[in-house]
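Below is one structure, written out as structure tokens; comments come after it.
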Amino acid sequence: MTTPTWNADSLRRLVQREIGDYRLVVVSNRQPYIHELIEGKLRYVVPAGGLTTALDPLMQECGGTWVAYGGGKGDWYAVDERNRIAVPPDDPQYTLRLVWLTEEQEKGYYYGFSNEALWPLCHNAYTEPVFDAEDWQTYQAVNEEFANQVLDEIDGQPAAVFTQDYHLALLPRRLREADPDIITGQFWHIPWPNPEIFRICPWQTELLDGLLGNDLLGFHIGDHCNNFLETVSRTIDSRVDLDFSLISHHNEPTLVRPFPISVDFEDVCQSAASPYVTDEMERLSDELGLNGMVVGLGIDRIDYTKGIPHRFRAMGRFLEKNPEYIGKVVFVQAGVMSRTSIDAYQQLAEQIDGLLEEINTRFAVRDWKPIIYLPTDLPNVSLLALRRLAQFCVVSSLHDGMNLVAKEYVASRFDEDGVLILSPFTGAAHELTDALIVNPYATEHFADAILEAVEMPYEERRTRMVRMRSIVRENNIYKWAARLLVELMQGARRARRPIRNH
Ligand code: F6P
């Protein structure tokens, strides 16, 4: 007998059963709906990135409050006197509560410690982390501020607080100190490095102590859990039980578990099949000159972990080795610019522009060029259309927790066609083994994988895509949330009984 696939209804029933009288509070740096003031009018945008893609549909089903940084220019005008707003703005389902930060705080905590220290520390992309003492102080102060806002929000009621990501590593400990009855869970959306790498961080003990304020700590894959367990056992006074993936620190347990994040498969699939998307495919094909071409696609936040220069180089090498495809294969790279005030991101932008110029100049024929670069925030309908137009999609991350772009491509291909070229250094490669798995540093192999994707017969494309779709359909975002919630609530209830020695 097969288990029914998780969906919004089954998750809602599970939430009612597991959460009961507890208030559900999600906390993250990035908010799901950013309000901007455009020509004096309030408009909202949905930020790019895996966190919102994964958590917004869940909050819409489960209700509760999402606490996040109010970074939009129009946010102040959108909220009520308690800094709250009901979202989604067009069809409110849950409450968003915003935390205000000064420009200095944003600089030190978000751009500084989170994205110049922790981000490169956790990703093997060979960008040196910057450990600045002032940024660290600001990071601590901002985590404190988030904790105060969360405590104010729950106001002494029973609550389960589900914290997101590396911006808020100190938050769970602060919550536990304030009220040990709060159930605390955290999902770390990026990789966790091995102890040899993590130990270069001057504040490793404080970060680990913060994270061990959680009842449950989730990573995408087992390797990241193992790295974390090993880091803790080498760094901090604790008992680490590798068999149960359980850490006991200050006599308090933290369960460490893998939860591979995913997408709302059915929703993406249905949206991709909409007639608006078909119209958009036509429009984009005309505008970008894609008619009659084999289209390859990349969609990424422009980040040095995504291996964008590596895929451009592979595309150049593919054309060099297979000149018969000049004028016939075109690669579209879409994606939003990100964290542009950080040096490493400015350098990446320059590197991308340089490669683009070099490769496009070298292979251009009449009005055809091999790479079309669209570094803008495209609407969802255009992204869906591009996924459907693309015979192959490239995800060439140098290191990535999961990578939802890969799963979104698979979910969009309701026609069961299309080839995914996927880096083995993504969490997604553990599940999507029918992709063409290729090391982005190995340009020669990468170029050959592009050739394989271009020449793969339809029957093989279909067989592989059908298998990948059944994996993403089954392991969807509702299953991710359900597993997490059950482990969090049941683990926390067990933990509140006296801990026995193993
Ligand atoms: O991948 C890690 C992550 O924090 C995601 O959870 C998020 O979607 C993405 O990076 C975007 O980052 P930012 O909020 O800095 O734009």
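Ordered as shown in the structure tokens, chains take letters A, B, and onward, while each chain numbers its residues from 1 and ligands are numbered from 1 in the order shown.
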
### Message
List the spatial neighbours of Ala178 in chain A as a PyMOL selection string - criterion: any atom at most 10 Å away, only C-alpha atoms, same-chain residues fewer than 5 positions off excluded.
### Response
chain A and resi 147-148+151+156+172-173

### Message
Please return as a VMD selection string the residues found within 8 Å of ligand 1, counting only C-alpha atoms and all ligand atoms.
### Response
chain A and resid 29 to 30 47 to 53 110 115 164 to 166 189 to 190 301 338 to 339 400 to 401 403

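Taking only C-alpha atoms into account, Arg387 in chain A lies nearest to A:Val277 out of the set A:Cys62, A:Ile247, A:Val277, A:Ile421.
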
### Task
Would you kindly return, as an NGL selection string, each protein, DNA or RNA residue with an atom no farther than 6 Å from any atom of range 455-472 of chain A, considering only C-alpha atoms and excluding same-chain residues fewer than 5 positions away?
:A and (410 or 416-418 or 432 or 434)

#### Entry: Near-Pro191 in chain A list (9 Å; only C-alpha atoms; drop same-chain fewer than 4 positions) as a VMD selection string
chain A and resid 122 to 124 219 to 221 223 to 224 399 to 402 427

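Distances to Pro260 in chain A were evaluated for A:Gln31, A:Gln93, A:Thr426, A:Ser10 using only C-alpha atoms, and the minimum falls at A:Thr426.
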
### Query
What does the distance from CA of Pro158 in chain A to CA of Arg496 in chain A come to in Å, to one decimal?
13.5 Å

### Query
Pick from A:Ala160, A:Glu324, A:Leu389, A:Arg257: nearest to Asn291 in chain A, with only C-alpha atoms counted?
A:Leu389

Members of range 60-166 of chain A assigned strand (DSSP E or B) by DSSP, as a PDB file with C-alpha atoms, in the first residue's frame:
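What landed in states12.pdb:
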ATOM      1  CA  THR A  65       2.781  34.836  13.030  1.00  0.00           C
ATOM      2  CA  TRP A  66       5.913  35.383  10.952  1.00  0.00           C
ATOM      3  CA  VAL A  67       8.410  37.801  12.526  1.00  0.00           C
ATOM      4  CA  ALA A  68      10.932  39.323  10.106  1.00  0.00           C
ATOM      5  CA  TYR A  69      12.998  42.394   9.356  1.00  0.00           C
ATOM      6  CA  ARG A  84       1.744  43.876  12.106  1.00  0.00           C
ATOM      7  CA  ILE A  85       0.099  43.290   8.787  1.00  0.00           C
ATOM      8  CA  ALA A  86      -2.120  40.468   7.526  1.00  0.00           C
ATOM      9  CA  VAL A  87      -0.632  38.660   4.518  1.00  0.00           C
ATOM     10  CA  TYR A  94      -1.514  34.855   8.593  1.00  0.00           C
ATOM     11  CA  THR A  95       0.161  37.718  10.454  1.00  0.00           C
ATOM     12  CA  LEU A  96       3.475  39.269   9.552  1.00  0.00           C
ATOM     13  CA  ARG A  97       5.168  41.240  12.317  1.00  0.00           C
ATOM     14  CA  LEU A  98       8.069  43.446  11.359  1.00  0.00           C
ATOM     15  CA  VAL A  99      11.233  44.268  13.282  1.00  0.00           C
ATOM     16  CA  ALA A 159       4.465  28.842  21.845  1.00  0.00           C
ATOM     17  CA  ALA A 160       6.525  26.940  19.319  1.00  0.00           C
ATOM     18  CA  VAL A 161       9.092  29.219  17.656  1.00  0.00           C
ATOM     19  CA  PHE A 162      10.551  28.038  14.357  1.00  0.00           C
ATOM     20  CA  THR A 163      13.628  30.114  13.503  1.00  0.00           C
ATOM     21  CA  GLN A 164      15.134  30.241  10.017  1.00  0.00           C
TER      22      GLN A 164
END

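Between CA of Ile261 in chain A and CA of Lys479 in chain A lies a distance of 8.9 Å.
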
### Query
Nearest to Gly218 in chain A among A:Trp368, A:Trp188, A:Tyr441, A:Phe113, with distances taken over only C-alpha atoms: which residue is it?
A:Trp188

### Neighbour list for Tyr77 in chain A as an NGL selection string, cut-off 10 Å, only C-alpha atoms, skip fewer than 2 positions in-chain
:A and (35-37 or 42 or 72-75 or 79-80 or 83)

Pull the closest atom pair for each residue of range 28-120 of chain A that gets at most 12 Å from range 198-209 of chain A, along with the distance in Å to one decimal, counting only C-alpha atoms, ordering rows by chain and then ascending residue number, as a Markdown table.
| residue | atom | partner | partner_atom | distance |
| --- | --- | --- | --- | --- |
| A:Phe113 | CA | A:Cys201 | CA | 10.9 |
| A:Ser114 | CA | A:Leu207 | CA | 11.8 |
| A:Glu116 | CA | A:Cys201 | CA | 11.9 |
| A:Ala117 | CA | A:Cys201 | CA | 8.2 |
| A:Leu118 | CA | A:Cys201 | CA | 8.6 |
| A:Trp119 | CA | A:Phe198 | CA | 11.5 |
| A:Pro120 | CA | A:Phe198 | CA | 10.6 |

### Message
Residues within 9 Å of range 484-489 of chain A, please, as a VMD selection string. Count only C-alpha atoms; anything in the same chain fewer than 5 positions from it doesn't count.
### Response
chain A and resid 14 to 15 18 to 19 160 183 to 185 215 to 218 255 257 259 479 494

Could you write out that same residue set with N, CA, C and O atoms as a PDB file, in the first residue's frame?
ATOM      1  N   LEU A  14      -2.589  17.932  10.525  1.00  0.00           N
ATOM      2  CA  LEU A  14      -1.455  17.579  11.396  1.00  0.00           C
ATOM      3  C   LEU A  14      -1.111  18.743  12.326  1.00  0.00           C
ATOM      4  O   LEU A  14      -0.860  18.549  13.518  1.00  0.00           O
ATOM      5  N   VAL A  15      -1.128  19.958  11.767  1.00  0.00           N
ATOM      6  CA  VAL A  15      -0.802  21.137  12.578  1.00  0.00           C
ATOM      7  C   VAL A  15      -1.800  21.254  13.728  1.00  0.00           C
ATOM      8  O   VAL A  15      -1.419  21.448  14.887  1.00  0.00           O
ATOM      9  N   GLU A  18      -0.881  18.500  16.261  1.00  0.00           N
ATOM     10  CA  GLU A  18       0.414  18.597  16.935  1.00  0.00           C
ATOM     11  C   GLU A  18       0.593  19.907  17.698  1.00  0.00           C
ATOM     12  O   GLU A  18       1.151  19.937  18.776  1.00  0.00           O
ATOM     13  N   ILE A  19       0.151  20.986  17.090  1.00  0.00           N
ATOM     14  CA  ILE A  19       0.398  22.306  17.697  1.00  0.00           C
ATOM     15  C   ILE A  19      -0.599  22.577  18.813  1.00  0.00           C
ATOM     16  O   ILE A  19      -0.271  23.182  19.831  1.00  0.00           O
ATOM     17  N   ALA A 160       5.466  27.660  20.017  1.00  0.00           N
ATOM     18  CA  ALA A 160       6.525  26.940  19.319  1.00  0.00           C
ATOM     19  C   ALA A 160       7.138  27.941  18.344  1.00  0.00           C
ATOM     20  O   ALA A 160       6.434  28.488  17.488  1.00  0.00           O
ATOM     21  N   ILE A 183       8.939  26.130  22.946  1.00  0.00           N
ATOM     22  CA  ILE A 183       9.497  25.062  22.101  1.00  0.00           C
ATOM     23  C   ILE A 183      10.270  25.732  20.970  1.00  0.00           C
ATOM     24  O   ILE A 183       9.741  26.624  20.287  1.00  0.00           O
ATOM     25  N   THR A 184      11.525  25.324  20.797  1.00  0.00           N
ATOM     26  CA  THR A 184      12.379  26.030  19.833  1.00  0.00           C
ATOM     27  C   THR A 184      12.916  25.073  18.763  1.00  0.00           C
ATOM     28  O   THR A 184      13.525  24.050  19.073  1.00  0.00           O
ATOM     29  N   GLY A 185      12.701  25.442  17.510  1.00  0.00           N
ATOM     30  CA  GLY A 185      13.246  24.663  16.397  1.00  0.00           C
ATOM     31  C   GLY A 185      13.897  25.627  15.422  1.00  0.00           C
ATOM     32  O   GLY A 185      13.524  26.800  15.352  1.00  0.00           O
ATOM     33  N   ASP A 215      15.362  22.885  20.599  1.00  0.00           N
ATOM     34  CA  ASP A 215      14.964  21.490  20.812  1.00  0.00           C
ATOM     35  C   ASP A 215      15.316  20.670  19.575  1.00  0.00           C
ATOM     36  O   ASP A 215      15.666  19.508  19.681  1.00  0.00           O
ATOM     37  N   LEU A 216      15.156  21.297  18.419  1.00  0.00           N
ATOM     38  CA  LEU A 216      15.391  20.582  17.162  1.00  0.00           C
ATOM     39  C   LEU A 216      16.151  21.494  16.208  1.00  0.00           C
ATOM     40  O   LEU A 216      15.799  22.665  16.047  1.00  0.00           O
ATOM     41  N   LEU A 217      17.180  20.950  15.587  1.00  0.00           N
ATOM     42  CA  LEU A 217      17.932  21.723  14.602  1.00  0.00           C
ATOM     43  C   LEU A 217      17.959  20.919  13.305  1.00  0.00           C
ATOM     44  O   LEU A 217      18.403  19.763  13.295  1.00  0.00           O
ATOM     45  N   GLY A 218      17.466  21.521  12.227  1.00  0.00           N
ATOM     46  CA  GLY A 218      17.362  20.804  10.957  1.00  0.00           C
ATOM     47  C   GLY A 218      18.357  21.317   9.931  1.00  0.00           C
ATOM     48  O   GLY A 218      18.627  22.524   9.847  1.00  0.00           O
ATOM     49  N   LEU A 255      17.954  17.759  19.251  1.00  0.00           N
ATOM     50  CA  LEU A 255      17.930  16.728  18.205  1.00  0.00           C
ATOM     51  C   LEU A 255      18.433  17.346  16.913  1.00  0.00           C
ATOM     52  O   LEU A 255      18.027  18.467  16.564  1.00  0.00           O
ATOM     53  N   ARG A 257      18.617  16.748  12.825  1.00  0.00           N
ATOM     54  CA  ARG A 257      18.002  15.858  11.825  1.00  0.00           C
ATOM     55  C   ARG A 257      18.066  16.452  10.412  1.00  0.00           C
ATOM     56  O   ARG A 257      17.974  17.679  10.249  1.00  0.00           O
ATOM     57  N   PHE A 259      16.273  17.342   6.963  1.00  0.00           N
ATOM     58  CA  PHE A 259      14.936  17.546   6.378  1.00  0.00           C
ATOM     59  C   PHE A 259      15.149  18.186   5.006  1.00  0.00           C
ATOM     60  O   PHE A 259      15.294  19.413   4.912  1.00  0.00           O
ATOM     61  N   LYS A 479       5.448  17.629   2.992  1.00  0.00           N
ATOM     62  CA  LYS A 479       6.090  16.529   3.710  1.00  0.00           C
ATOM     63  C   LYS A 479       7.254  17.071   4.562  1.00  0.00           C
ATOM     64  O   LYS A 479       7.447  16.658   5.701  1.00  0.00           O
ATOM     65  N   ARG A 494       9.024  15.172  24.704  1.00  0.00           N
ATOM     66  CA  ARG A 494       9.854  14.140  25.365  1.00  0.00           C
ATOM     67  C   ARG A 494      10.932  14.817  26.207  1.00  0.00           C
ATOM     68  O   ARG A 494      11.180  14.434  27.335  1.00  0.00           O
TER      69      ARG A 494
END

### Counting only C-alpha atoms, the residue of A:Leu211, A:Met315, A:Leu288, A:Ala411 that sits nearest Glu358 in chain A
A:Met315

### Task
Please report, as a PyMOL selection string, each residue of range 262-357 of chain A to which DSSP assigns alpha helix (DSSP H) when run on this structure's backbone.
chain A and resi 265-272+275-288+308-321+343-357

Tell me which protein, DNA and RNA residues are within 12 Å of range 364-366 of chain A, counting only C-alpha atoms, leaving out same-chain ones fewer than 6 positions away, and put them as a PDB file with C-alpha atoms, in the first residue's frame.
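New file around39.pdb:
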ATOM      1  CA  GLY A 316      31.964  28.478 -24.362  1.00  0.00           C
ATOM      2  CA  LEU A 319      30.622  25.610 -28.638  1.00  0.00           C
ATOM      3  CA  PRO A 323      30.892  24.305 -33.623  1.00  0.00           C
ATOM      4  CA  TYR A 325      25.784  24.096 -32.640  1.00  0.00           C
ATOM      5  CA  ILE A 326      26.828  27.723 -33.120  1.00  0.00           C
ATOM      6  CA  GLY A 327      23.650  29.631 -33.941  1.00  0.00           C
ATOM      7  CA  LYS A 328      21.478  26.729 -32.751  1.00  0.00           C
ATOM      8  CA  VAL A 329      21.815  26.553 -28.942  1.00  0.00           C
ATOM      9  CA  VAL A 330      21.254  29.518 -26.708  1.00  0.00           C
ATOM     10  CA  LEU A 356      29.710  37.363 -21.174  1.00  0.00           C
ATOM     11  CA  GLU A 357      31.452  39.884 -23.375  1.00  0.00           C
ATOM     12  CA  GLU A 358      34.268  37.455 -24.201  1.00  0.00           C
ATOM     13  CA  ILE A 372      21.423  35.978 -23.004  1.00  0.00           C
TER      14      ILE A 372
END

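The gap separating CA of Asp300 in chain A from CA of Glu408 in chain A is 11.8 Å, in Å to one decimal.
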